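data.tsv (TSV, C-alpha atoms and all ligand atoms)
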```
chain	number	residue	atom	x	y	z
T	686	MET	CA	16.39	132.91	140.77
T	687	ILE	CA	13.77	135.28	139.38
T	688	GLU	CA	10.08	134.56	139.42
T	689	ILE	CA	7.66	137.00	137.85
T	690	ARG	CA	3.97	136.59	138.48
T	691	ASN	CA	1.10	138.30	136.67
T	692	LEU	CA	3.03	141.47	135.98
T	693	GLN	CA	1.17	144.43	134.51
T	694	LYS	CA	2.59	147.70	133.29
T	695	HIS	CA	0.81	150.49	131.42
T	696	PHE	CA	2.19	153.73	130.14
T	697	VAL	CA	-0.26	156.55	130.01
T	698	THR	CA	0.69	159.59	128.00
T	699	LYS	CA	-1.49	162.49	126.87
T	700	ASP	CA	-3.58	160.67	124.33
T	701	VAL	CA	-2.54	157.02	124.52
T	702	ASN	CA	-2.59	154.27	127.02
T	703	VAL	CA	-0.11	151.51	126.19
T	704	HIS	CA	-0.36	148.13	127.84
T	705	ALA	CA	3.39	147.47	127.71
T	706	VAL	CA	3.47	144.36	129.92
T	707	ASN	CA	0.26	142.36	129.97
T	708	ASP	CA	-0.01	139.68	132.62
T	709	VAL	CA	3.46	138.23	132.25
T	710	SER	CA	4.53	135.31	134.41
T	711	LEU	CA	7.85	133.56	133.98
T	712	LYS	CA	10.58	131.87	135.93
T	713	VAL	CA	14.31	132.18	135.38
T	714	GLU	CA	16.42	129.49	137.04
T	715	GLU	CA	19.73	130.18	138.69
T	716	GLY	CA	22.70	130.08	136.29
T	717	GLU	CA	20.51	130.18	133.22
T	718	ILE	CA	20.75	132.43	130.19
T	719	TYR	CA	17.16	133.40	129.61
T	720	GLY	CA	16.37	135.12	126.34
T	721	ILE	CA	13.39	137.37	125.70
T	722	ILE	CA	12.68	138.02	122.05
T	723	GLY	CA	10.09	140.16	120.33
T	724	TYR	CA	9.64	142.88	117.75
T	725	SER	CA	10.04	146.54	118.56
T	726	GLY	CA	7.40	147.69	121.01
T	727	ALA	CA	6.61	144.19	122.28
T	728	GLY	CA	7.36	145.23	125.86
T	729	LYS	CA	10.76	143.59	126.37
T	730	SER	CA	12.56	146.58	127.85
T	731	SER	CA	9.56	147.47	130.00
T	732	LEU	CA	9.56	143.94	131.39
T	733	VAL	CA	13.25	143.82	132.28
T	734	ARG	CA	13.14	147.33	133.69
T	735	CYS	CA	10.52	146.03	136.10
T	736	ILE	CA	12.94	143.31	137.27
T	737	ASN	CA	15.22	145.89	138.87
T	738	PHE	CA	12.36	148.32	139.47
T	739	LEU	CA	13.62	151.04	137.19
T	740	GLU	CA	9.93	150.87	136.27
T	741	TYR	CA	7.28	150.09	138.83
T	742	PRO	CA	4.67	147.61	137.67
T	743	GLU	CA	1.06	148.37	138.64
T	744	SER	CA	0.39	144.88	139.81
T	745	GLY	CA	1.97	141.46	140.06
T	746	SER	CA	4.99	140.34	141.99
T	747	ILE	CA	8.64	139.56	141.49
T	748	THR	CA	10.66	137.20	143.66
T	749	ILE	CA	14.41	137.44	143.51
T	750	LYS	CA	16.60	134.89	145.22
T	751	GLY	CA	18.35	136.33	148.24
T	752	PHE	CA	16.07	139.30	148.26
T	753	GLY	CA	12.53	138.03	148.64
T	754	THR	CA	9.23	138.92	147.07
T	755	ILE	CA	8.15	142.40	146.05
T	756	GLU	CA	4.53	142.90	145.19
T	757	SER	CA	3.01	145.88	143.51
T	758	ASP	CA	-0.35	147.13	144.61
T	759	ASN	CA	-1.44	149.87	142.23
T	760	GLY	CA	2.16	150.87	141.67
T	761	VAL	CA	3.07	150.91	145.37
T	762	LEU	CA	5.72	148.34	146.21
T	763	TYR	CA	5.51	146.04	149.20
T	764	ARG	CA	7.65	143.28	150.58
T	765	THR	CA	5.55	140.26	151.24
T	766	ASP	CA	7.92	137.87	152.97
T	767	GLY	CA	6.76	135.70	155.83
T	768	GLY	CA	3.12	136.61	155.33
T	769	GLN	CA	3.80	140.25	156.26
T	770	LYS	CA	3.14	143.09	153.88
T	771	THR	CA	5.34	146.11	154.49
T	772	ARG	CA	6.00	149.05	152.25
T	773	ILE	CA	9.42	148.73	150.64
T	774	LYS	CA	12.12	151.24	151.51
T	775	GLU	CA	14.05	153.16	148.90
T	776	LYS	CA	17.25	151.86	150.51
T	777	ASP	CA	16.17	148.26	149.87
T	778	LEU	CA	15.48	149.04	146.24
T	779	ARG	CA	18.92	150.61	145.89
T	780	ASN	CA	20.47	147.46	147.33
T	781	LEU	CA	18.44	145.35	144.97
T	782	ARG	CA	19.53	147.40	141.96
T	783	ARG	CA	23.13	147.12	143.07
T	784	SER	CA	22.84	143.34	143.08
T	785	ILE	CA	21.57	143.30	139.50
T	786	GLY	CA	23.91	144.43	136.71
T	787	MET	CA	22.55	145.89	133.51
T	788	ILE	CA	23.97	146.55	130.04
T	789	PHE	CA	22.41	148.43	127.15
T	790	GLN	CA	22.50	148.79	123.39
T	791	LEU	CA	24.33	152.12	123.47
T	792	PHE	CA	26.67	151.26	126.36
T	793	ASN	CA	25.79	154.36	128.47
T	794	LEU	CA	29.42	155.11	129.36
T	795	MET	CA	30.71	158.40	130.75
T	796	ASP	CA	32.64	159.89	127.83
T	797	ARG	CA	34.82	162.17	129.92
T	798	SER	CA	36.02	159.39	132.19
T	799	THR	CA	38.64	156.79	131.45
T	800	VAL	CA	37.84	153.12	131.12
T	801	PHE	CA	39.17	152.64	134.65
T	802	ASP	CA	36.93	155.36	136.10
T	803	ASN	CA	33.89	154.10	134.26
T	804	ILE	CA	34.32	150.67	135.76
T	805	ALA	CA	35.16	152.07	139.20
T	806	TYR	CA	32.09	154.29	139.28
T	807	PRO	CA	29.64	151.84	140.89
T	808	LEU	CA	32.23	151.12	143.61
T	809	LYS	CA	32.30	154.74	144.72
T	810	TYR	CA	30.06	154.61	147.79
T	811	THR	CA	30.65	151.05	148.79
T	812	GLY	CA	33.23	151.79	151.48
T	813	LEU	CA	36.07	150.09	149.60
T	814	SER	CA	39.54	151.64	149.96
T	815	LYS	CA	41.38	153.11	146.99
T	816	GLU	CA	43.61	150.05	146.85
T	817	GLU	CA	40.67	147.67	146.98
T	818	ILE	CA	38.96	149.54	144.15
T	819	GLU	CA	42.19	149.46	142.13
T	820	GLU	CA	42.48	145.72	142.65
T	821	LYS	CA	38.84	145.10	141.81
T	822	VAL	CA	38.90	147.17	138.62
T	823	ASN	CA	42.10	145.50	137.46
T	824	LYS	CA	40.47	142.14	137.97
T	825	LEU	CA	37.42	143.23	135.97
T	826	LEU	CA	39.61	144.62	133.19
T	827	LYS	CA	41.29	141.27	132.96
T	828	LEU	CA	37.97	139.45	132.95
T	829	VAL	CA	36.76	141.40	129.90
T	830	ASP	CA	40.19	141.35	128.29
T	831	LEU	CA	40.76	145.11	128.24
T	832	GLU	CA	43.81	145.54	130.43
T	833	GLU	CA	45.60	147.67	127.83
T	834	LYS	CA	42.70	150.11	127.55
T	835	ARG	CA	42.65	151.01	131.21
T	836	ASP	CA	43.53	154.68	130.64
T	837	SER	CA	41.73	155.17	127.32
T	838	TYR	CA	38.53	157.17	126.95
T	839	PRO	CA	35.35	155.63	125.51
T	840	GLY	CA	35.75	157.72	122.35
T	841	GLN	CA	38.97	155.85	121.62
T	842	LEU	CA	37.33	152.43	121.72
T	843	SER	CA	35.47	150.29	119.22
T	844	GLY	CA	31.83	149.41	119.87
T	845	GLY	CA	32.74	145.94	121.07
T	846	GLN	CA	35.34	147.35	123.45
T	847	LYS	CA	32.84	149.88	124.79
T	848	GLN	CA	30.42	147.08	125.52
T	849	ARG	CA	33.20	145.22	127.35
T	850	VAL	CA	33.71	148.27	129.55
T	851	ALA	CA	29.97	148.40	130.20
T	852	ILE	CA	29.98	144.71	131.10
T	853	ALA	CA	32.90	145.18	133.51
T	854	ARG	CA	31.07	148.11	135.11
T	855	ALA	CA	27.90	146.05	135.41
T	856	LEU	CA	29.87	143.35	137.21
T	857	ALA	CA	31.61	145.70	139.64
T	858	ASN	CA	29.31	144.92	142.56
T	859	ASP	CA	29.44	141.15	141.96
T	860	PRO	CA	25.81	140.86	140.87
T	861	LYS	CA	24.18	137.46	140.71
T	862	ILE	CA	21.99	138.65	137.85
T	863	LEU	CA	22.88	140.49	134.66
T	864	LEU	CA	20.18	142.12	132.53
T	865	SER	CA	21.17	142.70	128.93
T	866	ASP	CA	18.93	144.94	126.83
T	867	GLU	CA	19.93	144.57	123.16
T	868	ALA	CA	23.60	144.60	124.16
T	869	THR	CA	24.77	143.51	120.72
T	870	SER	CA	22.29	145.39	118.53
T	871	ALA	CA	24.67	148.25	117.76
T	872	LEU	CA	27.62	145.98	116.99
T	873	ASP	CA	28.95	144.46	113.78
T	874	PRO	CA	28.81	140.65	113.43
T	875	ASP	CA	32.38	140.05	114.72
T	876	ALA	CA	31.93	142.23	117.78
T	877	THR	CA	28.53	140.63	118.39
T	878	GLU	CA	30.12	137.21	118.29
T	879	SER	CA	32.83	138.17	120.76
T	880	ILE	CA	30.42	139.87	123.20
T	881	LEU	CA	28.09	136.86	123.11
T	882	LYS	CA	31.05	134.61	123.78
T	883	LEU	CA	32.08	136.80	126.69
T	884	LEU	CA	28.56	136.67	128.16
T	885	LYS	CA	28.51	132.91	127.83
T	886	ASP	CA	31.94	132.64	129.49
T	887	LEU	CA	30.85	134.88	132.36
T	888	ASN	CA	27.74	132.80	132.78
T	889	LYS	CA	29.85	129.64	132.99
T	890	GLN	CA	32.75	131.03	135.04
T	891	LEU	CA	30.84	133.15	137.52
T	892	GLY	CA	27.54	131.29	137.42
T	893	ILE	CA	25.82	134.60	136.81
T	894	THR	CA	22.20	134.39	135.68
T	895	ILE	CA	21.60	136.40	132.52
T	896	VAL	CA	18.32	137.78	131.22
T	897	LEU	CA	18.96	138.78	127.65
T	898	ILE	CA	16.64	140.82	125.47
T	899	THR	CA	17.01	140.81	121.73
T	900	HIS	CA	15.06	141.05	118.51
T	901	GLU	CA	17.46	138.61	116.82
T	902	MET	CA	16.85	134.89	116.94
T	903	ALA	CA	20.52	134.36	116.01
T	904	VAL	CA	21.50	135.72	119.43
T	905	ILE	CA	19.05	133.45	121.21
T	906	LYS	CA	20.17	130.40	119.31
T	907	GLN	CA	23.79	131.07	120.07
T	908	ILE	CA	23.77	131.55	123.83
T	909	ALA	CA	20.36	131.23	125.47
T	910	ASP	CA	19.14	128.16	127.34
T	911	LYS	CA	15.51	129.22	127.46
T	912	VAL	CA	13.52	131.77	125.53
T	913	ALA	CA	10.28	133.68	125.96
T	914	VAL	CA	8.68	135.18	122.88
T	915	MET	CA	6.84	138.45	123.50
T	916	GLU	CA	4.15	140.08	121.42
T	917	ASP	CA	1.95	143.01	122.45
T	918	GLY	CA	3.04	142.84	126.06
T	919	LYS	CA	2.37	139.14	126.42
T	920	VAL	CA	4.59	136.08	126.48
T	921	VAL	CA	3.13	133.99	123.65
T	922	GLU	CA	5.57	131.09	123.82
T	923	GLU	CA	8.23	129.99	126.24
T	924	GLY	CA	10.58	127.06	126.70
T	925	GLU	CA	13.95	125.45	126.05
T	926	VAL	CA	15.62	127.11	123.06
T	927	TYR	CA	16.18	123.87	121.17
T	928	GLU	CA	12.56	122.76	121.62
T	929	ILE	CA	11.27	126.12	120.45
T	930	PHE	CA	13.53	126.15	117.39
T	931	SER	CA	12.71	122.62	116.36
T	932	ASP	CA	8.97	122.99	116.86
T	933	PRO	CA	7.80	126.61	117.08
T	934	LYS	CA	4.09	126.88	117.82
T	935	ALA	CA	3.09	130.54	117.71
T	936	GLU	CA	2.98	132.30	114.35
T	937	ILE	CA	5.43	134.97	115.47
T	938	THR	CA	7.87	132.36	116.77
T	939	ARG	CA	7.78	130.60	113.41
T	940	LYS	CA	8.67	133.87	111.76
T	941	PHE	CA	11.62	134.42	114.06
T	942	VAL	CA	12.85	130.87	113.58
T	943	GLU	CA	12.52	131.08	109.80
T	944	THR	CA	14.43	134.32	109.49
T	945	SER	CA	17.34	132.89	111.41
T	946	SER	CA	17.55	129.46	109.79
T	947	GLY	CA	18.22	130.26	106.16
T	948	LEU	CA	15.18	128.19	105.24
T	949	GLU	CA	13.23	131.40	104.77
T	950	LYS	CA	14.95	131.48	101.39
T	951	ILE	CA	12.45	128.91	100.30
T	952	ASN	CA	9.67	131.47	100.67
T	953	LYS	CA	11.52	133.69	98.22
T	954	LEU	CA	11.98	130.78	95.84
T	955	ILE	CA	8.29	130.00	96.03
T	956	GLU	CA	7.36	133.64	95.54
T	957	ASN	CA	9.63	133.88	92.51
T	958	ARG	CA	8.39	130.56	91.19
T	959	THR	CA	11.95	129.28	91.07
T	960	VAL	CA	10.51	126.20	92.68
T	961	ASP	CA	7.83	124.57	90.59
T	962	LEU	CA	4.75	124.26	92.71
T	963	ASN	CA	2.67	122.49	90.17
T	964	ASN	CA	1.52	120.05	92.80
T	965	SER	CA	-0.55	117.10	91.99
T	966	ASP	CA	-1.62	114.44	94.48
T	967	GLY	CA	1.51	112.52	93.69
T	968	ARG	CA	3.82	115.45	94.07
T	969	LYS	CA	4.48	117.54	97.11
T	970	LEU	CA	6.91	120.13	98.31
T	971	ILE	CA	7.85	119.18	101.83
T	972	LYS	CA	9.87	120.56	104.67
T	973	LEU	CA	11.64	118.09	106.93
T	974	THR	CA	13.04	119.10	110.28
T	975	PHE	CA	15.68	116.81	111.71
T	976	THR	CA	16.27	117.27	115.43
T	977	LYS	CA	19.31	116.20	117.42
T	978	ASP	CA	17.88	112.69	117.81
T	979	SER	CA	17.26	112.18	114.11
T	980	VAL	CA	20.10	114.04	112.38
T	981	GLY	CA	22.33	111.81	110.33
T	982	GLU	CA	19.80	109.14	109.44
T	983	ALA	CA	20.18	108.01	105.86
T	984	LEU	CA	16.45	108.32	105.72
T	985	ILE	CA	16.02	109.98	102.37
T	986	SER	CA	17.70	107.31	100.29
T	987	LYS	CA	16.06	104.54	102.28
T	988	VAL	CA	12.62	106.01	101.77
T	989	SER	CA	13.04	106.56	98.06
T	990	ARG	CA	14.11	102.92	97.69
T	991	ASP	CA	11.54	101.30	99.93
T	992	TYR	CA	8.53	103.35	98.87
T	993	ASN	CA	9.41	103.84	95.26
T	994	VAL	CA	9.24	107.62	95.39
T	995	ASP	CA	11.58	110.30	94.04
T	996	ILE	CA	12.89	112.84	96.45
T	997	SER	CA	14.89	115.74	95.15
T	998	ILE	CA	16.39	118.15	97.62
T	999	VAL	CA	15.73	121.81	96.87
T	1000	LEU	CA	17.46	123.31	99.87
T	1001	ALA	CA	19.20	121.92	102.92
T	1002	ASN	CA	20.50	123.61	105.97
T	1003	VAL	CA	22.09	122.63	109.27
T	1004	ASP	CA	21.83	125.03	112.14
T	1005	ILE	CA	23.55	124.91	115.50
T	1006	VAL	CA	21.03	125.75	118.17
T	1007	ALA	CA	21.89	125.73	121.86
T	1008	GLU	CA	24.99	123.75	120.90
T	1009	ASN	CA	23.03	121.03	119.10
T	1010	ALA	CA	22.43	120.40	115.43
T	1011	LEU	CA	19.06	121.17	113.89
T	1012	GLY	CA	18.68	120.23	110.25
T	1013	GLY	CA	16.16	121.35	107.71
T	1014	ILE	CA	15.51	120.05	104.22
T	1015	ILE	CA	13.12	121.34	101.63
T	1016	ALA	CA	12.44	118.64	99.08
T	1017	ASP	CA	10.18	117.74	96.25
T	1018	ILE	CA	8.67	114.28	96.59
T	1019	SER	CA	6.82	112.50	93.81
T	1020	GLY	CA	5.38	109.08	93.07
T	1021	LYS	CA	2.05	107.34	93.34
T	1022	PRO	CA	-0.11	109.32	95.82
T	1023	GLU	CA	-0.43	106.39	98.23
T	1024	ASP	CA	3.33	105.74	98.09
T	1025	VAL	CA	4.06	109.38	98.76
T	1026	ASN	CA	1.74	109.38	101.79
T	1027	GLU	CA	3.21	106.19	103.16
T	1028	ALA	CA	6.73	107.51	102.65
T	1029	LEU	CA	5.86	110.67	104.57
T	1030	ASP	CA	4.30	108.65	107.38
T	1031	TYR	CA	7.45	106.58	107.57
T	1032	ILE	CA	9.63	109.69	107.75
T	1033	SER	CA	7.42	111.10	110.53
T	1034	SER	CA	7.62	107.89	112.49
T	1035	ASN	CA	11.41	108.33	112.56
T	1036	GLY	CA	11.23	111.48	114.63
T	1037	VAL	CA	11.50	113.83	111.68
T	1038	ARG	CA	8.90	116.58	111.49
T	1039	VAL	CA	7.19	116.65	108.11
T	1040	GLU	CA	5.30	119.64	106.79
T	1041	VAL	CA	3.79	119.94	103.36
T	1042	ILE	CA	4.43	123.50	102.29
T	1043	GLY	CA	3.41	125.76	99.47
T	1044	ARG	CA	0.39	123.85	98.32
T	1101	LIG	N1	8.33	155.71	129.22
T	1101	LIG	C1	7.37	155.39	128.37
T	1101	LIG	N2	6.31	156.21	128.18
T	1101	LIG	C2	5.32	155.89	127.32
T	1101	LIG	N3	5.28	154.75	126.61
T	1101	LIG	C3	6.30	153.90	126.75
T	1101	LIG	C4	7.41	154.17	127.63
T	1101	LIG	N4	8.28	153.14	127.55
T	1101	LIG	C5	7.75	152.27	126.67
T	1101	LIG	N5	6.57	152.70	126.19
T	1101	LIG	C6	5.70	152.00	125.23
T	1101	LIG	O1	5.50	150.67	125.71
T	1101	LIG	C7	5.53	149.73	124.65
T	1101	LIG	C8	6.61	148.71	124.93
T	1101	LIG	O2	7.86	149.37	124.85
T	1101	LIG	P1	9.25	148.65	125.15
T	1101	LIG	O3	10.29	149.69	125.13
T	1101	LIG	O4	9.11	147.84	126.38
T	1101	LIG	O5	9.36	147.69	123.89
T	1101	LIG	P2	10.59	146.82	123.38
T	1101	LIG	O6	10.06	145.46	123.15
T	1101	LIG	O7	11.73	146.96	124.31
T	1101	LIG	O8	10.92	147.50	121.97
T	1101	LIG	P3	12.34	147.77	121.24
T	1101	LIG	O9	12.72	146.46	120.62
T	1101	LIG	O10	12.00	148.81	120.23
T	1101	LIG	O11	13.29	148.24	122.28
T	1101	LIG	C9	5.76	150.55	123.39
T	1101	LIG	O12	4.54	150.75	122.76
T	1101	LIG	C10	6.36	151.84	123.88
T	1101	LIG	O13	6.02	152.91	123.04
T	1102	MG	MG	13.63	147.78	124.13
```
Structure encoded using structure tokens:
Amino acid sequence: MIEIRNLQKHFVTKDVNVHAVNDVSLKVEEGEIYGIIGYSGAGKSSLVRCINFLEYPESGSITIKGFGTIESDNGVLYRTDGGQKTRIKEKDLRNLRRSIGMIFQLFNLMDRSTVFDNIAYPLKYTGLSKEEIEEKVNKLLKLVDLEEKRDSYPGQLSGGQKQRVAIARALANDPKILLSDEATSALDPDATESILKLLKDLNKQLGITIVLITHEMAVIKQIADKVAVMEDGKVVEEGEVYEIFSDPKAEITRKFVETSSGLEKINKLIENRTVDLNNSDGRKLIKLTFTKDSVGEALISKVSRDYNVDISIVLANVDIVAENALGGIIADISGKPEDVNEALDYISSNGVRVEVIGR
């Protein structure tokens, strides 16, 4: 649906030159919810703003299904379909932007217009009749469950309702792609939940492909299928959400995963010495990660019996990631050193990831 190749974007201001997007390549499949996560300044917004060419990259190319490939040559955009390279027309870019919806953290609604008029705004120069616009907006209001707020003004709505209006407006031209830049970051947990649910429903019902930027792993884990982790303009890790959560590779990804899993509490416990880390060879503090294929095994009791070790659970946690369970246990294991090692090998061989932590 969207393929980005070797995209580069710098921002040059008076005294600084920021490499906001540094050689990013990624592929978003049709119908997917593709999350992009990173800390502030990682380049997430710059990257998605290149997808609808609100920003022009300096080099690289973007292919969008139904639209073709656009390549940037020193910031000048060309179409490169069929081996031809022709300068892109402003009209084509406008059409492209119209076929991609976008929603933002602060909604960007027109405060002096009613909900109806906000949603109708993108339909203004499309040649639709007044009746057709009326019908379309009513349909959109229904889709986002705001029929009663049709004549209200944005100032009379809650944050979650404002975002619903923004979503309806973004969908007015029946886009195949929706870009969401921190759409839930200004919302309380309940409103966040309901907007994420709405996005997921729209993705399922309309088959719309969603590219979703966030700095919260909780958002990714709830609705994304795939995730790219960005740091300093680069994608440092990318893949299926469940795979990334169960086995994060990059340091920054581990941090994101920890903060969203509740298991980060263990770091506090270790810091505060609530957990005794007086490790000897025969005693280890371990972290076990149970994935969807290994959850539910009565492994712990079996291992303590068969290998004559003691395992006491310090902290346990089950997370739902991409609609599957992901379990984590922090435990203290003790016994004869060779028994402990054999027990850990046995646990590993059952598809459970074993890490010795805090030594
Ligand atoms: N218009 C601009 N002019 C100058 N520098 C910019 C501009 N837009 C972004 N930058 C810089 O590019 C880098 C990436 O910014 P970007 O907004 O893409 O990050 P982000 O990951 O979206 O961060 P946040 O989570 O804070 O929104 C930052 O260092 C930022 O200061
Ligand atoms: Mg941003």
As an exercise, work out the distance from atom CA of Phe975 of chain T to atom CA of Val912 of chain T in Å and give it to one decimal place.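 Atom-to-atom, atom CA of Phe975 of chain T and atom CA of Val912 of chain T are spaced 20.5 Å apart.
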For Ser870 of chain T, please output as a list in words all residues within 8 Å (counting all atoms listed in the file; exclusion window: fewer than 3 positions along the same chain).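 Result of the neighbour search: Gln790, Glu867, Thr877 and Thr899 of chain T.
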Could you pull the residues within 12 Å of Lys774 of chain T, counting all atoms listed in the file, minus those fewer than 4 positions along the same chain, as a VMD selection string? chain T and resid 755 761 to 764 778 to 781
Counting all atoms listed in the file, which protein, DNA or RNA residues come within 12 Å of ligand MG 1102 (chain T), given as number ranges by chain? T: 705, 721-734, 788-791, 865-868, 870, 897-900, 915, 918
Distance query Val904 of chain T at most 9 Å, only C-alpha atoms, self and fewer than 6 positions along chain excluded, as a list in words: Gly720, Thr869, Thr877, Glu878 and Leu881 of chain T
Mind filling out segment 734-747 of chain T with N, CA, C and O atoms and sending it as a compact mmCIF listing (two decimals), keeping the file's coordinate frame?
```
# COMPACT_ATOMS: atom_id res chain seq x y z
N ARG T 734 12.99 146.17 132.80
CA ARG T 734 13.14 147.33 133.69
C ARG T 734 12.29 147.19 134.95
O ARG T 734 12.54 147.86 135.95
N CYS T 735 11.29 146.32 134.88
CA CYS T 735 10.52 146.03 136.10
C CYS T 735 11.31 145.08 137.02
O CYS T 735 11.13 145.10 138.23
N ILE T 736 12.20 144.27 136.45
CA ILE T 736 12.94 143.31 137.27
C ILE T 736 13.83 144.02 138.28
O ILE T 736 13.97 143.59 139.41
N ASN T 737 14.43 145.15 137.87
CA ASN T 737 15.22 145.89 138.87
C ASN T 737 14.51 147.18 139.30
O ASN T 737 15.12 148.07 139.88
N PHE T 738 13.21 147.22 139.01
CA PHE T 738 12.36 148.32 139.47
C PHE T 738 12.84 149.70 139.03
O PHE T 738 12.70 150.68 139.74
N LEU T 739 13.42 149.74 137.82
CA LEU T 739 13.62 151.04 137.19
C LEU T 739 12.24 151.53 136.76
O LEU T 739 11.99 152.72 136.65
N GLU T 740 11.35 150.57 136.46
CA GLU T 740 9.93 150.87 136.27
C GLU T 740 9.17 150.15 137.37
O GLU T 740 9.53 149.02 137.73
N TYR T 741 8.13 150.77 137.86
CA TYR T 741 7.28 150.09 138.83
C TYR T 741 6.08 149.49 138.11
O TYR T 741 5.34 150.21 137.44
N PRO T 742 5.89 148.19 138.24
CA PRO T 742 4.67 147.61 137.67
C PRO T 742 3.46 148.07 138.48
O PRO T 742 3.61 148.49 139.63
N GLU T 743 2.26 147.99 137.86
CA GLU T 743 1.06 148.37 138.64
C GLU T 743 0.57 147.23 139.49
O GLU T 743 -0.07 147.43 140.50
N SER T 744 0.80 146.02 139.00
CA SER T 744 0.39 144.88 139.81
C SER T 744 1.23 143.69 139.43
O SER T 744 1.98 143.72 138.45
N GLY T 745 1.13 142.63 140.24
CA GLY T 745 1.97 141.46 140.06
C GLY T 745 3.09 141.47 141.07
O GLY T 745 3.21 142.41 141.86
N SER T 746 3.89 140.40 141.02
CA SER T 746 4.99 140.34 141.99
C SER T 746 6.24 139.76 141.34
O SER T 746 6.18 139.10 140.30
N ILE T 747 7.37 140.08 141.96
CA ILE T 747 8.64 139.56 141.49
C ILE T 747 9.40 139.02 142.70
O ILE T 747 9.54 139.73 143.71
```
